[in-house]
>>> print(open('run_24.cif').read())   # mmCIF, C-alpha atoms
data_model
#
loop_
_atom_site.label_atom_id
_atom_site.label_comp_id
_atom_site.auth_asym_id
_atom_site.auth_seq_id
_atom_site.Cartn_x
_atom_site.Cartn_y
_atom_site.Cartn_z
CA MET N 64 -1.43 60.18 -12.15
CA LEU N 65 1.05 57.30 -12.04
CA THR N 66 4.62 58.36 -11.59
CA ARG N 67 7.93 56.53 -11.70
CA ARG N 68 7.84 56.42 -7.88
CA HIS N 69 4.52 54.49 -8.01
CA PHE N 70 6.02 51.99 -10.43
CA ILE N 71 9.07 51.42 -8.25
CA THR N 72 6.88 51.02 -5.15
CA PHE N 73 4.65 48.47 -6.92
CA MET N 74 7.69 46.57 -8.16
CA VAL N 75 9.23 46.37 -4.69
CA LEU N 76 5.96 45.41 -2.99
CA GLY N 77 5.23 42.84 -5.72
CA GLY N 78 8.66 41.30 -5.27
CA LEU N 79 8.20 41.05 -1.52
CA ALA N 80 4.72 39.53 -1.86
CA SER N 81 6.09 37.00 -4.35
CA ARG N 82 8.86 35.96 -1.95
CA VAL N 83 6.40 35.50 0.92
CA ALA N 84 4.03 33.48 -1.30
CA ARG N 85 6.85 31.24 -2.49
CA LYS N 86 7.94 30.69 1.10
CA ILE N 87 4.41 29.64 2.11
CA LEU N 88 3.82 27.49 -0.96
CA GLY N 89 7.29 26.01 -0.66
CA THR N 90 6.50 24.85 2.86
CA ARG N 91 3.26 23.32 1.66
CA ASP N 92 5.03 21.76 -1.31
CA ALA N 93 7.23 19.45 0.76
CA ARG N 94 7.18 18.07 4.29
CA PRO N 95 10.22 16.84 6.21
CA ALA N 96 10.51 13.08 5.86
CA MET N 97 10.69 10.72 8.83
CA PHE N 98 13.30 8.05 8.15
CA TRP N 99 16.65 9.21 6.88
CA LYS N 100 20.15 10.03 8.04
CA LYS N 101 22.95 12.32 7.07
CA THR N 102 25.40 10.09 5.27
CA GLY N 103 27.65 8.52 7.87
CA VAL N 104 25.97 10.42 10.72
CA ARG N 105 23.28 9.48 13.25
CA ILE N 106 19.70 8.90 12.20
CA GLN N 107 17.63 12.08 12.06
CA ARG N 108 13.96 11.55 12.36
CA GLU N 109 10.97 13.24 13.75
CA ASN N 110 9.23 11.13 16.35
CA ARG N 111 5.53 11.46 15.73
CA ASN N 112 4.30 9.17 18.43
CA PRO N 113 1.31 10.73 20.17
CA MET Q 28 29.40 18.82 6.94
CA GLY Q 29 28.15 17.67 3.53
CA THR Q 30 24.57 17.77 2.40
CA GLU Q 31 24.32 14.11 1.34
CA VAL Q 32 21.59 12.12 3.04
CA GLN Q 33 20.48 8.51 3.01
CA CYS Q 34 16.81 7.58 3.08
CA THR Q 35 16.21 4.65 5.44
CA LEU Q 36 12.52 4.13 4.76
CA CYS Q 37 12.75 1.23 2.32
CA PRO Q 38 15.47 -1.40 1.81
CA THR Q 39 16.77 0.42 -1.28
CA GLU Q 40 18.20 3.04 1.11
CA CYS Q 41 18.95 5.64 -1.59
CA GLU Q 42 21.92 7.90 -0.96
CA LEU Q 43 20.99 11.32 -2.24
CA GLU Q 44 23.08 14.33 -3.09
CA ASN Q 45 21.66 17.82 -2.75
CA HIS Q 46 18.49 18.29 -4.84
CA GLN Q 47 18.50 14.62 -5.85
CA VAL Q 48 15.26 12.64 -5.79
CA GLY Q 49 15.07 9.03 -4.53
CA GLY Q 50 14.20 5.99 -6.61
CA CYS Q 51 10.60 6.31 -5.42
CA LYS Q 52 10.51 9.74 -7.14
CA VAL Q 53 8.80 11.41 -4.20
CA ARG Q 54 11.52 12.01 -1.61
CA ILE Q 55 14.07 14.74 -2.19
CA ASN Q 56 17.20 15.97 -0.49
CA ARG Q 57 17.06 19.72 -0.10
CA ASP Q 58 20.14 21.22 1.48
CA GLY Q 59 20.79 18.21 3.68
CA THR Q 60 17.20 17.55 4.76
CA LEU Q 61 15.01 14.85 3.27
CA TYR Q 62 11.51 15.94 2.27
CA SER Q 63 8.39 14.14 1.09
CA LEU Q 64 6.92 15.72 -2.02
CA VAL Q 65 3.53 14.03 -1.74
CA TYR Q 66 2.34 14.80 1.78
CA GLY Q 67 -1.38 15.62 1.57
CA LYS Q 68 -1.37 15.29 -2.22
CA PRO Q 69 -3.25 12.14 -3.17
CA CYS Q 70 -3.58 11.44 -6.88
CA ALA Q 71 -6.34 8.90 -6.27
CA VAL Q 72 -9.20 9.26 -3.80
CA GLN Q 73 -12.05 6.80 -4.07
CA VAL Q 74 -14.64 4.88 -2.09
CA ASP Q 75 -14.25 1.17 -2.90
CA PRO Q 76 -15.70 -2.06 -1.59
CA ILE Q 77 -13.10 -3.53 0.76
CA GLU Q 78 -13.14 -6.70 -1.37
CA LYS Q 79 -11.37 -4.72 -4.10
CA LYS Q 80 -8.20 -4.27 -2.01
CA PRO Q 81 -8.56 -7.38 -1.70
CA PHE Q 82 -9.58 -8.03 1.91
CA TYR Q 83 -11.94 -11.01 2.19
CA HIS Q 84 -11.71 -11.47 5.95
CA VAL Q 85 -12.14 -7.84 7.01
CA LEU Q 86 -15.65 -6.42 7.47
CA PRO Q 87 -17.24 -8.06 4.39
CA GLY Q 88 -19.15 -5.54 2.32
CA ALA Q 89 -17.57 -2.54 4.06
CA LYS Q 90 -16.74 0.66 2.25
CA ALA Q 91 -13.07 1.62 2.15
CA PHE Q 92 -12.03 5.23 1.72
CA SER Q 93 -9.01 4.62 -0.48
CA ILE Q 94 -6.15 7.02 -1.07
CA ALA Q 95 -2.83 6.96 -2.91
CA THR Q 96 -0.16 9.35 -4.00
CA VAL Q 97 2.20 8.88 -6.92
CA GLY Q 98 5.42 6.92 -6.49
CA CYS Q 99 6.61 3.42 -5.67
CA VAL Q 100 9.60 1.80 -4.01
CA LEU Q 101 9.68 -0.92 -6.69
CA GLY Q 102 9.49 -0.79 -10.47
CA CYS Q 103 7.56 -3.94 -11.35
CA LYS Q 104 7.39 -4.55 -15.08
CA PHE Q 105 3.84 -5.87 -14.73
CA CYS Q 106 2.49 -2.99 -12.61
CA GLN Q 107 -1.27 -2.69 -13.02
CA ASN Q 108 -1.23 0.94 -11.80
CA TRP Q 109 1.92 2.12 -13.51
CA GLN Q 110 0.34 5.36 -14.70
CA ILE Q 111 0.41 6.62 -11.13
CA SER Q 112 2.99 4.41 -9.43
CA GLN Q 113 5.72 5.38 -11.88
CA ALA Q 114 4.68 9.01 -12.34
CA LEU Q 115 6.51 12.07 -11.07
CA PRO Q 116 4.76 14.32 -8.53
CA GLU Q 117 5.00 17.31 -10.85
CA GLU Q 118 3.44 15.35 -13.74
CA SER Q 119 0.40 14.11 -11.90
CA GLU Q 120 -2.89 15.68 -11.13
CA HIS Q 121 -3.56 15.59 -7.45
CA ARG Q 122 -5.87 16.95 -4.81
CA ASP Q 123 -4.86 18.81 -1.67
CA LEU Q 124 -6.28 16.64 1.08
CA ASP Q 125 -4.87 16.90 4.58
CA PRO Q 126 -5.25 13.97 6.99
CA ASP Q 127 -8.23 15.56 8.76
CA GLU Q 128 -9.98 15.94 5.41
CA VAL Q 129 -9.38 12.25 4.67
CA VAL Q 130 -11.10 11.30 7.92
CA ARG Q 131 -13.91 13.77 7.25
CA GLY Q 132 -14.38 12.22 3.80
CA ALA Q 133 -14.41 8.68 5.18
CA LEU Q 134 -17.04 9.59 7.76
CA TYR Q 135 -19.12 11.54 5.23
CA TYR Q 136 -19.27 8.58 2.84
CA GLY Q 137 -19.98 6.07 5.63
CA CYS Q 138 -16.71 4.18 5.24
CA GLN Q 139 -15.61 1.82 7.99
CA THR Q 140 -11.97 1.88 6.99
CA VAL Q 141 -9.39 4.10 5.36
CA THR Q 142 -7.18 2.13 3.00
CA TYR Q 143 -3.77 3.19 1.75
CA THR Q 144 -3.55 1.47 -1.60
CA TYR Q 145 -3.26 1.62 -5.43
CA THR Q 146 0.44 2.62 -5.46
CA GLU Q 147 2.89 1.78 -2.66
CA PRO Q 148 1.85 3.46 0.62
CA THR Q 149 5.42 3.29 1.94
CA VAL Q 150 6.32 6.23 -0.30
CA PHE Q 151 3.78 8.46 1.43
CA TYR Q 152 4.67 7.14 4.86
CA GLU Q 153 4.40 10.47 6.70
CA TYR Q 154 0.99 11.23 5.19
CA MET Q 155 -0.23 7.71 5.93
CA TYR Q 156 1.10 7.85 9.49
CA ASP Q 157 -0.54 11.17 10.36
CA THR Q 158 -3.80 10.08 8.73
CA ALA Q 159 -3.74 6.72 10.52
CA LEU Q 160 -3.41 8.47 13.89
CA LEU Q 161 -6.56 10.50 13.19
CA VAL Q 162 -8.43 7.56 11.72
CA ARG Q 163 -7.85 5.64 14.96
CA LYS Q 164 -9.13 8.55 17.04
CA PHE Q 165 -12.39 8.56 15.09
CA GLY Q 166 -12.98 4.84 15.55
CA LEU Q 167 -12.35 3.74 11.98
CA LEU Q 168 -9.99 1.00 10.84
CA ASN Q 169 -6.69 1.49 9.03
CA SER Q 170 -5.88 -0.94 6.28
CA VAL Q 171 -3.04 -1.00 3.83
CA HIS Q 172 -2.27 -2.77 0.58
CA THR Q 173 1.48 -2.86 0.32
CA CYS Q 174 4.32 -4.64 -1.41
CA GLY Q 175 5.94 -5.00 2.01
CA TYR Q 176 9.19 -3.44 0.78
CA ILE Q 177 9.83 -1.37 3.87
CA ASN Q 178 12.53 -1.33 6.52
CA GLN Q 179 11.82 -2.80 9.93
CA GLU Q 180 12.04 0.42 11.96
CA PRO Q 181 9.37 2.37 10.05
CA LEU Q 182 7.20 -0.74 9.81
CA ARG Q 183 7.33 -1.33 13.56
CA GLU Q 184 6.39 2.30 14.20
CA LEU Q 185 3.44 2.11 11.81
CA ALA Q 186 2.12 -1.37 12.65
CA PRO Q 187 0.42 -0.46 15.96
CA LEU Q 188 -1.85 1.87 14.00
CA LEU Q 189 -2.80 -0.71 11.39
CA ASN Q 190 -5.73 -3.10 11.65
CA ALA Q 191 -5.16 -5.01 8.43
CA ALA Q 192 -2.50 -5.37 5.78
CA ASP Q 193 -2.64 -7.04 2.40
CA VAL Q 194 0.90 -7.79 1.28
CA ASP Q 195 1.70 -8.37 -2.36
CA LEU Q 196 4.02 -11.34 -2.31
CA LYS Q 197 4.95 -11.08 -5.95
CA ALA Q 198 6.93 -14.31 -6.19
CA PHE Q 199 9.07 -16.56 -4.05
CA THR Q 200 12.48 -16.13 -5.65
CA GLU Q 201 15.12 -13.44 -5.29
CA ASP Q 202 15.67 -13.73 -9.04
CA PHE Q 203 12.11 -12.60 -9.79
CA TYR Q 204 12.31 -9.68 -7.37
CA GLY Q 205 15.66 -8.58 -8.79
CA ARG Q 206 14.87 -9.01 -12.47
CA ILE Q 207 11.19 -8.05 -12.63
CA CYS Q 208 10.62 -5.74 -9.66
CA GLY Q 209 13.99 -4.13 -8.97
CA GLY Q 210 13.96 -5.20 -5.34
CA ARG Q 211 14.66 -8.11 -3.00
CA LEU Q 212 12.45 -10.85 -1.56
CA LYS Q 213 13.99 -11.10 1.91
CA PRO Q 214 12.76 -7.73 3.28
CA VAL Q 215 9.23 -8.58 2.10
CA LEU Q 216 9.26 -11.88 3.98
CA GLU Q 217 10.59 -10.09 7.06
CA ALA Q 218 7.78 -7.53 6.78
CA ILE Q 219 5.18 -10.31 6.64
CA VAL Q 220 6.60 -11.91 9.78
CA THR Q 221 6.71 -8.56 11.59
CA LEU Q 222 3.13 -7.67 10.68
CA ARG Q 223 2.00 -11.05 11.91
CA GLU Q 224 3.99 -10.74 15.14
CA MET Q 225 2.57 -7.28 15.82
CA GLY Q 226 -1.01 -8.49 15.55
CA VAL Q 227 -1.97 -6.87 12.24
CA TRP Q 228 -4.55 -8.92 10.32
CA LEU Q 229 -2.71 -10.22 7.29
CA GLU Q 230 -3.82 -11.27 3.82
CA ILE Q 231 -1.49 -12.12 0.94
CA THR Q 232 -1.93 -11.39 -2.74
CA ASN Q 233 0.06 -13.20 -5.41
CA LEU Q 234 -0.28 -12.09 -9.02
CA VAL Q 235 0.28 -15.25 -11.04
CA ILE Q 236 2.20 -14.36 -14.20
CA PRO Q 237 2.55 -17.00 -16.92
CA THR Q 238 6.13 -18.32 -17.25
CA LEU Q 239 7.52 -15.99 -14.57
CA ASN Q 240 6.12 -17.15 -11.23
CA ASP Q 241 3.62 -19.89 -12.06
CA ASP Q 242 5.86 -22.87 -11.33
CA PRO Q 243 3.88 -25.26 -9.08
CA LYS Q 244 6.96 -25.98 -6.95
CA GLU Q 245 7.54 -22.27 -6.33
CA ILE Q 246 3.89 -21.78 -5.39
CA ARG Q 247 4.07 -24.79 -3.06
CA ASP Q 248 7.23 -23.48 -1.38
CA MET Q 249 5.63 -20.05 -0.95
CA CYS Q 250 2.48 -21.51 0.59
CA ARG Q 251 4.43 -23.76 2.95
CA TRP Q 252 6.49 -20.78 4.07
CA LEU Q 253 3.28 -18.83 4.69
CA VAL Q 254 1.80 -21.67 6.74
CA GLU Q 255 4.90 -21.79 8.91
CA ASN Q 256 5.53 -18.07 9.26
CA ALA Q 257 2.17 -16.35 8.88
CA GLY Q 258 -0.13 -19.17 9.96
CA PRO Q 259 -2.61 -21.41 8.14
CA ASP Q 260 -5.43 -18.90 8.68
CA THR Q 261 -3.75 -16.30 6.46
CA PRO Q 262 -5.92 -15.84 3.37
CA ILE Q 263 -4.10 -15.89 0.05
CA HIS Q 264 -5.44 -14.35 -3.14
CA PHE Q 265 -4.13 -15.67 -6.44
CA SER Q 266 -4.79 -12.82 -8.81
CA ARG Q 267 -5.11 -13.12 -12.56
CA PHE Q 268 -2.44 -11.28 -14.56
CA PHE Q 269 -3.34 -9.12 -17.53
CA PRO Q 270 -0.67 -7.78 -19.90
CA TYR Q 271 0.14 -4.22 -18.83
CA TYR Q 272 3.02 -1.77 -18.77
CA LYS Q 273 6.26 -3.57 -19.79
CA LEU Q 274 4.90 -7.12 -19.86
CA LYS Q 275 2.52 -6.85 -22.77
CA ASN Q 276 4.16 -9.83 -24.46
CA LEU Q 277 2.64 -12.32 -22.02
CA PRO Q 278 -0.91 -13.69 -22.14
CA PRO Q 279 -3.44 -13.38 -19.28
CA THR Q 280 -3.10 -16.13 -16.70
CA PRO Q 281 -4.97 -19.27 -17.78
CA ILE Q 282 -7.80 -20.23 -15.44
CA GLU Q 283 -6.27 -23.71 -15.04
CA THR Q 284 -3.10 -22.14 -13.60
CA LEU Q 285 -5.12 -20.20 -11.04
CA ASN Q 286 -7.05 -23.32 -10.09
CA MET Q 287 -3.74 -25.18 -9.72
CA ALA Q 288 -2.38 -22.42 -7.45
CA GLN Q 289 -5.51 -22.49 -5.30
CA GLN Q 290 -5.36 -26.27 -4.99
CA THR Q 291 -1.63 -26.16 -4.18
CA ALA Q 292 -2.25 -23.61 -1.42
CA ARG Q 293 -4.95 -25.79 0.13
CA GLU Q 294 -2.71 -28.85 -0.02
CA ALA Q 295 0.09 -26.88 1.62
CA GLY Q 296 -2.21 -26.13 4.55
CA LEU Q 297 -3.60 -22.65 3.85
CA ARG Q 298 -7.26 -22.72 4.87
CA TYR Q 299 -8.44 -19.78 2.78
CA ALA Q 300 -7.16 -19.68 -0.81
CA TYR Q 301 -8.96 -17.41 -3.25
CA ILE Q 302 -8.80 -16.59 -6.92
CA GLY Q 303 -9.14 -12.95 -7.91
CA ASN Q 304 -9.44 -10.73 -10.99
CA ILE Q 305 -11.82 -13.28 -12.45
CA ARG Q 306 -15.43 -14.15 -11.72
CA GLN Q 307 -15.93 -17.67 -10.45
CA SER Q 308 -16.58 -19.56 -7.24
CA GLY Q 309 -12.95 -19.11 -6.19
CA GLU Q 310 -14.01 -15.81 -4.64
CA ASN Q 311 -16.27 -17.43 -2.02
CA THR Q 312 -15.37 -18.26 1.57
CA TYR Q 313 -16.06 -21.82 2.72
CA CYS Q 314 -15.80 -23.19 6.23
CA PRO Q 315 -12.50 -25.09 6.50
CA SER Q 316 -14.13 -27.52 8.97
CA CYS Q 317 -17.47 -28.48 7.40
CA GLY Q 318 -16.93 -27.09 3.88
CA LYS Q 319 -20.20 -25.13 3.79
CA LEU Q 320 -20.49 -21.79 1.98
CA LEU Q 321 -20.07 -18.86 4.38
CA ILE Q 322 -19.58 -15.74 2.25
CA GLU Q 323 -20.72 -15.63 -1.36
CA ARG Q 324 -19.14 -12.94 -3.51
CA ILE Q 325 -19.77 -11.75 -7.03
CA GLY Q 326 -16.82 -9.71 -8.17
CA TYR Q 327 -16.20 -7.13 -5.47
CA PHE Q 328 -19.64 -7.46 -3.96
CA VAL Q 329 -20.91 -9.66 -1.16
CA LYS Q 330 -24.07 -11.49 -2.19
CA GLN Q 331 -24.58 -13.19 1.15
CA ASN Q 332 -22.69 -13.35 4.42
CA LEU Q 333 -23.78 -16.22 6.65
CA LEU Q 334 -21.15 -15.75 9.36
CA GLN Q 335 -22.53 -15.43 12.87
CA GLU Q 336 -20.21 -13.49 15.18
CA GLY Q 337 -17.21 -14.65 13.20
CA ALA Q 338 -18.19 -18.32 13.28
CA CYS Q 339 -19.67 -20.87 10.92
CA PRO Q 340 -23.46 -21.07 11.54
CA TYR Q 341 -23.44 -24.84 10.81
CA CYS Q 342 -20.51 -26.31 12.77
CA LYS Q 343 -19.76 -23.21 14.95
CA SER Q 344 -16.08 -23.25 13.99
CA SER Q 345 -14.41 -19.88 14.46
CA ILE Q 346 -13.37 -18.21 11.21
CA ALA Q 347 -10.25 -16.05 11.43
CA GLY Q 348 -10.63 -12.41 10.44
CA VAL Q 349 -11.71 -8.93 11.50
CA TRP Q 350 -15.47 -9.21 11.61
CA ASP Q 351 -16.43 -6.16 13.63
CA GLN Q 352 -15.18 -2.62 13.97
CA THR Q 353 -14.31 -2.66 17.68
#
>>> encode(input="run_24.cif", output="structure tokens")
Amino acid sequence: MLTRRHFITFMVLGGLASRVARKILGTRDARPAMFWKKTGVRIQRENRNP
Amino acid sequence: MGTEVQCTLCPTECELENHQVGGCKVRINRDGTLYSLVYGKPCAVQVDPIEKKPFYHVLPGAKAFSIATVGCVLGCKFCQNWQISQALPEESEHRDLDPDEVVRGALYYGCQTVTYTYTEPTVFYEYMYDTALLVRKFGLLNSVHTCGYINQEPLRELAPLLNAADVDLKAFTEDFYGRICGGRLKPVLEAIVTLREMGVWLEITNLVIPTLNDDPKEIRDMCRWLVENAGPDTPIHFSRFFPYYKLKNLPPTPIETLNMAQQTAREAGLRYAYIGNIRQSGENTYCPSCGKLLIERIGYFVKQNLLQEGACPYCKSSIAGVWDQT
């Protein structure tokens, strides 16, 4: 028998799962770029030389 | 500290506020960090003959595993691939293909090279760089077809991984680059010189567009500059224009104009001048010393290759190019 407590638990767990998924997909969605700088500040870039 | 950043990959050097996307449409500022939106997301993956890139002096008849993502650093009004070069990442269909999967695909299909092409590879620099590292490890060649609109620092970091580059030299005037492409000529010329200096095999492609860049004097100046700065052994491909994208009001390039360009290049001192996007003998390679046919091509396919260890079989003159995979 589903109760209000079950509903709330599902909602909370669903919300958490959604946040985790978005975090993972968000990371996959974009990768830090190599050549750029903060305006007026030193160049920030990842050195990928082997 | 603010969250504004400046991309330094290409000479446009976009200054981006938070959540703003660069002119290339594929690099975004998110909370003060610049991200690439197309890493590992090619919109075009194909096995092509290397002659299609076009590379005529690199492993004739080889298969090139060709990849591209959406985006471009320029906005040429005559773009032949505008459906993908001017598209937004969220609009396009793409595959998820990490660098190791690119190499696996190239090996599976028996390709000798991975080519970064179709759009402008500079926009997917990080993806190209990581892939190129792996490609090298597996003994394949890296080749790129680029407009050369890239800053010196990223180019110098990438060049040691490249075996061959075909640079689109779209015209030889700043006016053309500004008005038609939305860029500048000078950085492209600098890129050509740098690639040459760093030992990357170089070929040049010039799309000849009626009334815009088909002036014989301009073509002569361009060819003379190439002889002096890239060397007389640099092959040049004069490609036939067809009305696409925003230049539908112009006719296809007349064959006479292409023949004139080829003749002008030879007179200026370039030893290998080709005509592309059209089927005729202008696609063949002839020995610059004895004039004999060395490589006969039909479209993108090699009908016969008479070269012997990179030399003419008749007069034994060495022919410049990348003729083996080592």
>>> resolve_selection(input="run_24.cif", expression="the PyMOL selection byres ((chain N) within 8 of (chain Q))", output="list in words")
Asp92, Ala93, Arg94, Pro95, Ala96, Met97, Phe98, Trp99, Lys100, Lys101 and Thr102 of chain N
>>> resolve_selection(input="run_24.cif", expression="the PyMOL selection byres ((chain Q and resi 119) around 10)", output="PyMOL selection string")
chain Q and resi 68-70+96-97+110-111+114-118+120-122
>>> closest_residue(input="run_24.cif", among="Q:Thr284, Q:Asn256, Q:Thr312, Q:Asn45", to="Leu334 of chain Q", atoms="all atoms listed in the file")
Q:Thr312
>>> residues_around(input="run_24.cif", residues="Tyr135 of chain Q", least_positions_apart="4", cutoff="12 Å", atoms="only C-alpha atoms", output="ChimeraX atom specification")
/Q:74,90,92,128-131,139
>>> write_last_selection(input="run_24.cif", atoms="C-alpha atoms", output="PDB file, in the frame of the given file")
ATOM      1  CA  VAL Q  74     -14.640   4.880  -2.090  1.00  0.00           C
ATOM      2  CA  LYS Q  90     -16.740   0.660   2.250  1.00  0.00           C
ATOM      3  CA  PHE Q  92     -12.030   5.230   1.720  1.00  0.00           C
ATOM      4  CA  GLU Q 128      -9.980  15.940   5.410  1.00  0.00           C
ATOM      5  CA  VAL Q 129      -9.380  12.250   4.670  1.00  0.00           C
ATOM      6  CA  VAL Q 130     -11.100  11.300   7.920  1.00  0.00           C
ATOM      7  CA  ARG Q 131     -13.910  13.770   7.250  1.00  0.00           C
ATOM      8  CA  GLN Q 139     -15.610   1.820   7.990  1.00  0.00           C
TER       9      GLN Q 139
END
>>> resolve_selection(input="run_24.cif", expression="the PyMOL selection byres ((chain Q and resi 218-233) around 8)", output="PyMOL selection string")
chain Q and resi 81-82+175-179+182-183+186-187+189-198+214-217+234-235+256-257+261-266+348-349
>>> closest_residue(input="run_24.cif", among="Q:Ile207, Q:Leu274, Q:Leu167, Q:Leu134", to="Cys103 of chain Q", atoms="only C-alpha atoms")
Q:Ile207
>>> atom_distance(input="run_24.cif", atom1="atom CA of Gly132 of chain Q", atom2="atom CA of Gln352 of chain Q")
18.0 Å
>>> atom_distance(input="run_24.cif", atom1="atom CA of Thr291 of chain Q", atom2="atom CA of Arg267 of chain Q")
15.9 Å
>>> atom_distance(input="run_24.cif", atom1="atom CA of Tyr136 of chain Q", atom2="atom CA of Arg324 of chain Q")
22.4 Å
>>> residues_around(input="run_24.cif", residues="Thr200 of chain Q", least_positions_apart="2", cutoff="12 Å", atoms="only C-alpha atoms", output="VMD selection string")
chain Q and resid 196 to 198 202 to 208 210 to 213 215 to 216 239 to 242 244 to 246 248 to 249
>>> residues_around(input="run_24.cif", residues="Gly318 of chain Q", least_positions_apart="3", cutoff="10 Å", atoms="only C-alpha atoms", output="list of chain:residue names")
Q:Thr312, Q:Tyr313, Q:Cys314, Q:Pro315, Q:Leu321, Q:Cys339, Q:Tyr341, Q:Cys342
>>> residues_around(input="run_24.cif", residues="Asn332 of chain Q", least_positions_apart="3", cutoff="7 Å", atoms="only C-alpha atoms", output="list in words")
Leu321, Ile322, Glu323 and Val329 of chain Q
>>> decode(input="run_24.cif", residues="segment 67-87 of chain N", atoms="C-alpha atoms", output="mmCIF file, in the first residue's frame")
data_model
loop_
_atom_site.group_PDB
_atom_site.id
_atom_site.type_symbol
_atom_site.label_atom_id
_atom_site.label_comp_id
_atom_site.auth_asym_id
_atom_site.auth_seq_id
_atom_site.Cartn_x
_atom_site.Cartn_y
_atom_site.Cartn_z
ATOM 1 C CA ARG N 67 2.254 9.661 1.610
ATOM 2 C CA ARG N 68 5.619 8.743 3.176
ATOM 3 C CA HIS N 69 6.455 6.565 0.128
ATOM 4 C CA PHE N 70 5.613 9.436 -2.197
ATOM 5 C CA ILE N 71 7.806 11.879 -0.300
ATOM 6 C CA THR N 72 10.684 9.367 -0.227
ATOM 7 C CA PHE N 73 10.408 8.785 -3.994
ATOM 8 C CA MET N 74 10.301 12.518 -4.637
ATOM 9 C CA VAL N 75 13.412 13.170 -2.550
ATOM 10 C CA LEU N 76 15.346 10.234 -4.027
ATOM 11 C CA GLY N 77 14.255 11.214 -7.555
ATOM 12 C CA GLY N 78 15.430 14.778 -6.992
ATOM 13 C CA LEU N 79 18.812 13.600 -5.733
ATOM 14 C CA ALA N 80 19.252 11.169 -8.642
ATOM 15 C CA SER N 81 18.366 13.946 -11.079
ATOM 16 C CA ARG N 82 20.981 16.268 -9.565
ATOM 17 C CA VAL N 83 23.677 13.597 -9.760
ATOM 18 C CA ALA N 84 22.759 12.786 -13.379
ATOM 19 C CA ARG N 85 22.860 16.443 -14.363
ATOM 20 C CA LYS N 86 26.242 16.799 -12.709
ATOM 21 C CA ILE N 87 27.628 13.832 -14.674
#
